[in-house]
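Input: a single structure, listed below in structure tokens.
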Amino acid sequence: MITITHYLVLSAILFMLGVVGVLIRRNAIVIFMCIELMLNAVNISFVAFAYHLHSMQGQMFVFFTMTVAAAEAAVGLAIIVAVFRNKETVNIDDMNIMKW
Amino acid sequence: MESYLFYIVGTIAVLAAVYLIFERNPVFCALYLIQTMVCIAVLYILLEAQFIAAVQMIVYAGAIMVLFLFVIMLLNIKGDEESKRSFPFRKIPAILMGIGLLTVICIILKSKLLQGKQDVYTVAHIESLGNTQLIGNLLFTDYLLPFEITSILLFVAAIGAIMLAKRKL
Amino acid sequence: MTFNILSILPILVLAGFGMLVLVVDVMSARKLGEKNLLAYLSLAGIVIAAIVSRNSTATTLFSFNETFTIDNYALFFNILFLLSTGLVILISHSYIKREDINHGEYYALLMFSTIGMMLMASGADLLNIFIGLEVMSISIYILTGFKRSKLISNEASLKYFLLGAFATGFLLYGISLVYGTTGTIDLRQIASFVAGKGGVKDPLLLMGMGLIIVGLGFKVASVPFHAWVPDVYEGAPTAVTAFMSVGPKAAAFAAFMRIFLTAFGSSHYEWQKAIWILAVLTMTVGNVVAISQTNIKRMLAYSSIAHAGYLLVALVAANNMGVSGTLFYLLAYIFMNIGAFAIVIVLSQKGDVGMNIDDYAGLGFKHPMLAIAMTLFMFSMAGIPPMAGFVGKFYIFSAAIKSGYVGLAIIGVINSVISVYYYLRITVIMYMKEPVRDFHPLTISPLIVVAIAIAVVGTLHLGIFPSKVMEIAQRSILTLR
């Protein structure tokens, strides 16, 4: 029998993997992918809560989170393209004009 | 049956996520992330959220990840990005997050779940109307304001993408 | 099922004017070399939005199925956001011309960002607050990278974006846990759930609250979530720096107070401890690190961190005086901070040259009026009477003492004494040192002079006659709990 605890634990594992990815990776695009993984993990817990609480608010929230993720992806990738155009790299270790 | 499916899909999702954070080639990273997203879509179907599952496939795994792949190819980013920092800098966050994960799991196991307000949307209720119709109804009633503000959000994103990435203004 | 489209009239006005600016920009791209019209058009939008948000409210009401609040609290913040955006448009006008980033999108994004802030201050559920936060942040990510050809601007934008999206992940996780444990995202229903259980006992709900503090703490630039602040403030176009040091901070505090006082007000013992630690760290780190800065934008960045710390003190106190003091302080902070940035803009040259504190040497002899205005803003930020900053700090620290947080108030006072050092240093350099450079050409235009004048009048007026504004602030917070 799969309870809500299973889903929450899965969501927590994926979320933490995303956080680890953000902290250890150096490539800006891959860091951004890890952030997307975090958002996906949160979405699992929203939908699982919605199912078990017989409520639609969780599913609606996921719908809006996806929209936000789409907007963030468009802007974030444009920023990465702009950086690459001036710097020829997307490695955040090389972003050192200012003290990080 | 359902529980087997959950374990299989969940394991694949976690494995793909692990590969994502250790894979050096960004194209493979994107493919692993798509794999995780597809698995999550299967979980949504298990949770009776068919519309969200479809959107997950079409928008997330489809549109957003294609955009990622497109940018990776456009910039022709090389696979190796070996850190100039020494090893402990990569190990410490992983260990810390491992401890954090254990804490979170303990909290989840310890807390009394589902004490909150129960709403009326039981599985039978959703099936009598259809998941998609229900979401459509809610979008234009309860969630009209955020839905409309979302249009501003997407407009801002379009402006931003043009402003920042266009070669000549 | 009430929609009441009139309740979101200020938002509609701003959205309409934002699009109008874009259309006018495209239609008349060749004819208007100077693009003065766009600045006036957006100012007109701000003024009209302010007028309609004044008229549209008499009592507290909810619209859009109780997801959107219109009360005095939201009204106060609407006016505050419009004021800050208006002042920023005034100071941007000559700056974006100088830096060759004079595109209509600049004004449009400022207005769209203001829409997000308004939604954060008036949202009655977590979804609206979240969407508002995203509209605000995404606009500012773009504005930060607006100097497309400058690497420093690109880098700042990338850092802000990556860390901001990271913080959004935490905020969202927190919201999901709060939703899961209480079964609702509506703030008042969360409040009745929490009150019904006699306070927050569930560890999962506590964790959700903690994660929301992380997410919003990032936006208000509190330590330890402040790593982005100095770099982003330094790299962003100066006018945008002025914008993000006031508007988003005020909006994040508006959401902070709405969530924590309305939804979790009945169990404030749980979250006050966390905010107490944040407040002490934020004040101390901000002030101590600001001392060693040589770049004025970085110094103002750390000063902005320190001010976030003072505001968190008021949030710990969480009594009426503290909350209304926060509103007052945010208003005062708008005047003094935008004023200081306006002077920084006037004195810098193309390509943001002249941002070192030593570049201000001898300003008092060459341009006495600018020097006096700058001195005024620095004194106000340091909290020297009779400026607005002093009154704000007085309200906040006395609120902390009233709630029994004497230790916190003492730490706050010690911190503001430390801050006097680096604010006064600028004054000393301006008046006591020989000029090392020529200040010409000044980036000056009638609009920026108006902005500085408004800032000076505001700083002095709030400092000398605070009671009227304080009364309004006290009336604004009555609907919060």
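Convention: chains lettered A, B, ... in structure tokens order; per-chain residue numbering from 1; ligands numbered from 1 as shown.
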Q: Please return as a PyMOL selection string: the residues of range 315-471 of chain C that backbone DSSP assigns to alpha helix (DSSP H).
A: chain C and resi 315-317+320-347+363-366+368-382+388-402+406-432+446-464+467-471
For the contact check between chain C and chain B, emit one row per residue of chain C within 6 Å, containing the shortest atom pair and the distance in Å rounded to one decimal, counting only C-alpha atoms, chain then rising number order, as a Markdown table.
```
| residue | atom | partner | partner_atom | distance |
| --- | --- | --- | --- | --- |
| C:Asn65 | CA | B:Asp142 | CA | 5.7 |
| C:Asn128 | CA | B:Pro146 | CA | 5.9 |
| C:Val135 | CA | B:Leu153 | CA | 5.3 |
| C:Ile142 | CA | B:Gly160 | CA | 5.6 |
| C:Thr181 | CA | B:Gly116 | CA | 5.4 |
| C:Thr182 | CA | B:Gly116 | CA | 4.2 |
| C:Gly183 | CA | B:Gly116 | CA | 4.4 |
| C:Asp202 | CA | B:Ser111 | CA | 5.9 |
| C:Pro203 | CA | B:Ser111 | CA | 5.9 |
```
Contacts between chain C and chain A, please, where a residue of chain A counts if it comes within 9 Å (with only C-alpha atoms); show its shortest atom pair and distance in Å to one decimal, rows by chain and ascending number, as JSON lines.
```
{"residue": "A:Phe15", "atom": "CA", "partner": "C:Tyr173", "partner_atom": "CA", "distance": 8.7}
{"residue": "A:Val19", "atom": "CA", "partner": "C:Phe166", "partner_atom": "CA", "distance": 8.2}
{"residue": "A:Val22", "atom": "CA", "partner": "C:Phe166", "partner_atom": "CA", "distance": 8.0}
{"residue": "A:Ala28", "atom": "CA", "partner": "C:Leu162", "partner_atom": "CA", "distance": 8.0}
{"residue": "A:Ile31", "atom": "CA", "partner": "C:Leu162", "partner_atom": "CA", "distance": 7.7}
{"residue": "A:Phe32", "atom": "CA", "partner": "C:Leu162", "partner_atom": "CA", "distance": 6.8}
{"residue": "A:Ile35", "atom": "CA", "partner": "C:Phe166", "partner_atom": "CA", "distance": 6.0}
{"residue": "A:Glu36", "atom": "CA", "partner": "C:Gly169", "partner_atom": "CA", "distance": 8.5}
{"residue": "A:Met38", "atom": "CA", "partner": "C:Gly169", "partner_atom": "CA", "distance": 6.1}
{"residue": "A:Leu39", "atom": "CA", "partner": "C:Gly169", "partner_atom": "CA", "distance": 5.7}
{"residue": "A:Ala41", "atom": "CA", "partner": "C:Tyr173", "partner_atom": "CA", "distance": 8.6}
{"residue": "A:Val42", "atom": "CA", "partner": "C:Tyr173", "partner_atom": "CA", "distance": 5.5}
{"residue": "A:Asn43", "atom": "CA", "partner": "C:Ser176", "partner_atom": "CA", "distance": 8.2}
{"residue": "A:Ser45", "atom": "CA", "partner": "C:Ser176", "partner_atom": "CA", "distance": 6.8}
{"residue": "A:Phe46", "atom": "CA", "partner": "C:Ser176", "partner_atom": "CA", "distance": 5.6}
{"residue": "A:Ala48", "atom": "CA", "partner": "C:Gly180", "partner_atom": "CA", "distance": 8.7}
{"residue": "A:Phe49", "atom": "CA", "partner": "C:Gly180", "partner_atom": "CA", "distance": 5.3}
{"residue": "A:Ala50", "atom": "CA", "partner": "C:Gly180", "partner_atom": "CA", "distance": 7.7}
{"residue": "A:Leu53", "atom": "CA", "partner": "C:Gly183", "partner_atom": "CA", "distance": 6.5}
{"residue": "A:Ser55", "atom": "CA", "partner": "C:Gly183", "partner_atom": "CA", "distance": 7.7}
{"residue": "A:Gln57", "atom": "CA", "partner": "C:Thr184", "partner_atom": "CA", "distance": 7.2}
{"residue": "A:Gly58", "atom": "CA", "partner": "C:Tyr179", "partner_atom": "CA", "distance": 7.7}
{"residue": "A:Phe61", "atom": "CA", "partner": "C:Leu127", "partner_atom": "CA", "distance": 6.8}
{"residue": "A:Phe64", "atom": "CA", "partner": "C:Ile131", "partner_atom": "CA", "distance": 7.9}
{"residue": "A:Thr65", "atom": "CA", "partner": "C:Ile131", "partner_atom": "CA", "distance": 8.6}
{"residue": "A:Val68", "atom": "CA", "partner": "C:Glu134", "partner_atom": "CA", "distance": 7.1}
{"residue": "A:Ala71", "atom": "CA", "partner": "C:Ile138", "partner_atom": "CA", "distance": 8.1}
{"residue": "A:Glu72", "atom": "CA", "partner": "C:Ile138", "partner_atom": "CA", "distance": 7.0}
{"residue": "A:Val75", "atom": "CA", "partner": "C:Ile142", "partner_atom": "CA", "distance": 7.3}
{"residue": "A:Gly76", "atom": "CA", "partner": "C:Phe161", "partner_atom": "CA", "distance": 6.7}
{"residue": "A:Ile79", "atom": "CA", "partner": "C:Leu158", "partner_atom": "CA", "distance": 6.2}
{"residue": "A:Ile80", "atom": "CA", "partner": "C:Leu158", "partner_atom": "CA", "distance": 6.8}
{"residue": "A:Ala82", "atom": "CA", "partner": "C:Asn154", "partner_atom": "CA", "distance": 6.7}
{"residue": "A:Val83", "atom": "CA", "partner": "C:Asn154", "partner_atom": "CA", "distance": 5.4}
{"residue": "A:Arg85", "atom": "CA", "partner": "C:Ser149", "partner_atom": "CA", "distance": 8.9}
{"residue": "A:Asn86", "atom": "CA", "partner": "C:Leu151", "partner_atom": "CA", "distance": 6.1}
{"residue": "A:Lys87", "atom": "CA", "partner": "C:Leu151", "partner_atom": "CA", "distance": 7.3}
{"residue": "A:Ile92", "atom": "CA", "partner": "C:Lys159", "partner_atom": "CA", "distance": 8.7}
{"residue": "A:Met95", "atom": "CA", "partner": "C:Glu155", "partner_atom": "CA", "distance": 6.5}
{"residue": "A:Asn96", "atom": "CA", "partner": "C:Glu155", "partner_atom": "CA", "distance": 8.5}
{"residue": "A:Ile97", "atom": "CA", "partner": "C:Ile152", "partner_atom": "CA", "distance": 6.6}
{"residue": "A:Met98", "atom": "CA", "partner": "C:Asp231", "partner_atom": "CA", "distance": 6.2}
{"residue": "A:Lys99", "atom": "CA", "partner": "C:Asp231", "partner_atom": "CA", "distance": 7.0}
{"residue": "A:Trp100", "atom": "CA", "partner": "C:Asp231", "partner_atom": "CA", "distance": 6.7}
```
Q: Might you pull out every residue within 10 Å of Val59 in chain B, with only C-alpha atoms counted and same-chain residues fewer than 4 positions away left off, and present them as a list of chain:residue names?
A: A:Met66, A:Thr67, A:Ala69, A:Ala70, B:Ile52, B:Ala53, B:Ala54, B:Val55, B:Ala63, B:Ile64, B:Met65, B:Val66
Generate a file of the selected residues that holds N, CA and C atoms, formatted as a short mmCIF file (atom, residue, chain, number, x, y, z; two decimals), in the first residue's frame.
```cif
data_model
loop_
_atom_site.label_atom_id
_atom_site.label_comp_id
_atom_site.auth_asym_id
_atom_site.auth_seq_id
_atom_site.Cartn_x
_atom_site.Cartn_y
_atom_site.Cartn_z
N MET A 66 4.27 25.37 -12.93
CA MET A 66 4.81 25.04 -14.25
C MET A 66 4.90 26.29 -15.12
N THR A 67 3.88 27.14 -15.04
CA THR A 67 3.93 28.38 -15.82
C THR A 67 5.12 29.22 -15.40
N ALA A 69 7.81 28.18 -14.00
CA ALA A 69 9.05 27.53 -14.42
C ALA A 69 9.32 27.82 -15.88
N ALA A 70 8.26 27.84 -16.70
CA ALA A 70 8.45 28.13 -18.11
C ALA A 70 8.98 29.55 -18.30
N ILE B 52 -2.54 17.26 -15.07
CA ILE B 52 -1.20 17.70 -14.68
C ILE B 52 -0.15 16.80 -15.31
N ALA B 53 -0.46 15.48 -15.39
CA ALA B 53 0.49 14.55 -16.01
C ALA B 53 0.71 14.91 -17.47
N ALA B 54 -0.39 15.23 -18.17
CA ALA B 54 -0.25 15.59 -19.58
C ALA B 54 0.55 16.87 -19.73
N VAL B 55 0.26 17.86 -18.86
CA VAL B 55 0.99 19.13 -18.95
C VAL B 55 2.46 18.91 -18.63
N ALA B 63 8.41 21.18 -23.95
CA ALA B 63 8.84 22.53 -24.33
C ALA B 63 10.07 23.00 -23.56
N ILE B 64 10.01 22.95 -22.21
CA ILE B 64 11.08 23.57 -21.43
C ILE B 64 12.40 22.85 -21.67
N MET B 65 12.35 21.51 -21.69
CA MET B 65 13.62 20.79 -21.84
C MET B 65 14.17 20.91 -23.25
N VAL B 66 13.28 21.05 -24.23
CA VAL B 66 13.78 21.28 -25.59
C VAL B 66 14.50 22.62 -25.66
#
```
Q: Kindly give the distance, in Å, that separates CA of Leu133 in chain C and CA of Met120 in chain C, rounded to a single decimal.
A: 6.2 Å
Q) From the list A:Ile13, A:Tyr51, A:Tyr7, A:Ile2, which residue is nearest His125 in chain B when using only C-alpha atoms? A) A:Tyr51
Proximity check range 1-66 of chain A to range 90-101 of chain B, 7 Å, nearest pairs one decimal Å, only C-alpha atoms, as a Markdown table:
```
| residue | atom | partner | partner_atom | distance |
| --- | --- | --- | --- | --- |
| A:Ala12 | CA | B:Leu101 | CA | 6.8 |
| A:Ile13 | CA | B:Leu101 | CA | 6.7 |
| A:Met16 | CA | B:Met97 | CA | 6.3 |
| A:Val20 | CA | B:Ala94 | CA | 5.6 |
| A:Leu23 | CA | B:Pro93 | CA | 6.5 |
| A:Ile24 | CA | B:Arg90 | CA | 5.2 |
```
Q: Just the residues within 8 Å of range 70-74 of chain B, please, counting only C-alpha atoms, with nothing from its chain fewer than 6 positions along; format it as an NGL selection string.
A: (:A and (29 or 77 or 81)) or (:B and (26-27))
Q: Check the DSSP output for the backbone and give back, as a VMD selection string, the residues of range 256-378 of chain C in strand (DSSP E or B).
A: chain C and resid 295 349 353 356
**Q.** Spatial neighbours of range 307-318 of chain C, max dist 6 Å, only C-alpha atoms, sep filter under 6 positions, as a ChimeraX atom specification
**A.** /C:272,279,282-283,326,396,400,403
Q: Using only C-alpha atoms, find the one residue out of C:Ile414, C:Leu460, C:Met381, C:Val346 that sits nearest to Val288 in chain C.
A: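 Residue with the minimum atom-to-atom distance to Val288 in chain C: C:Ile414.
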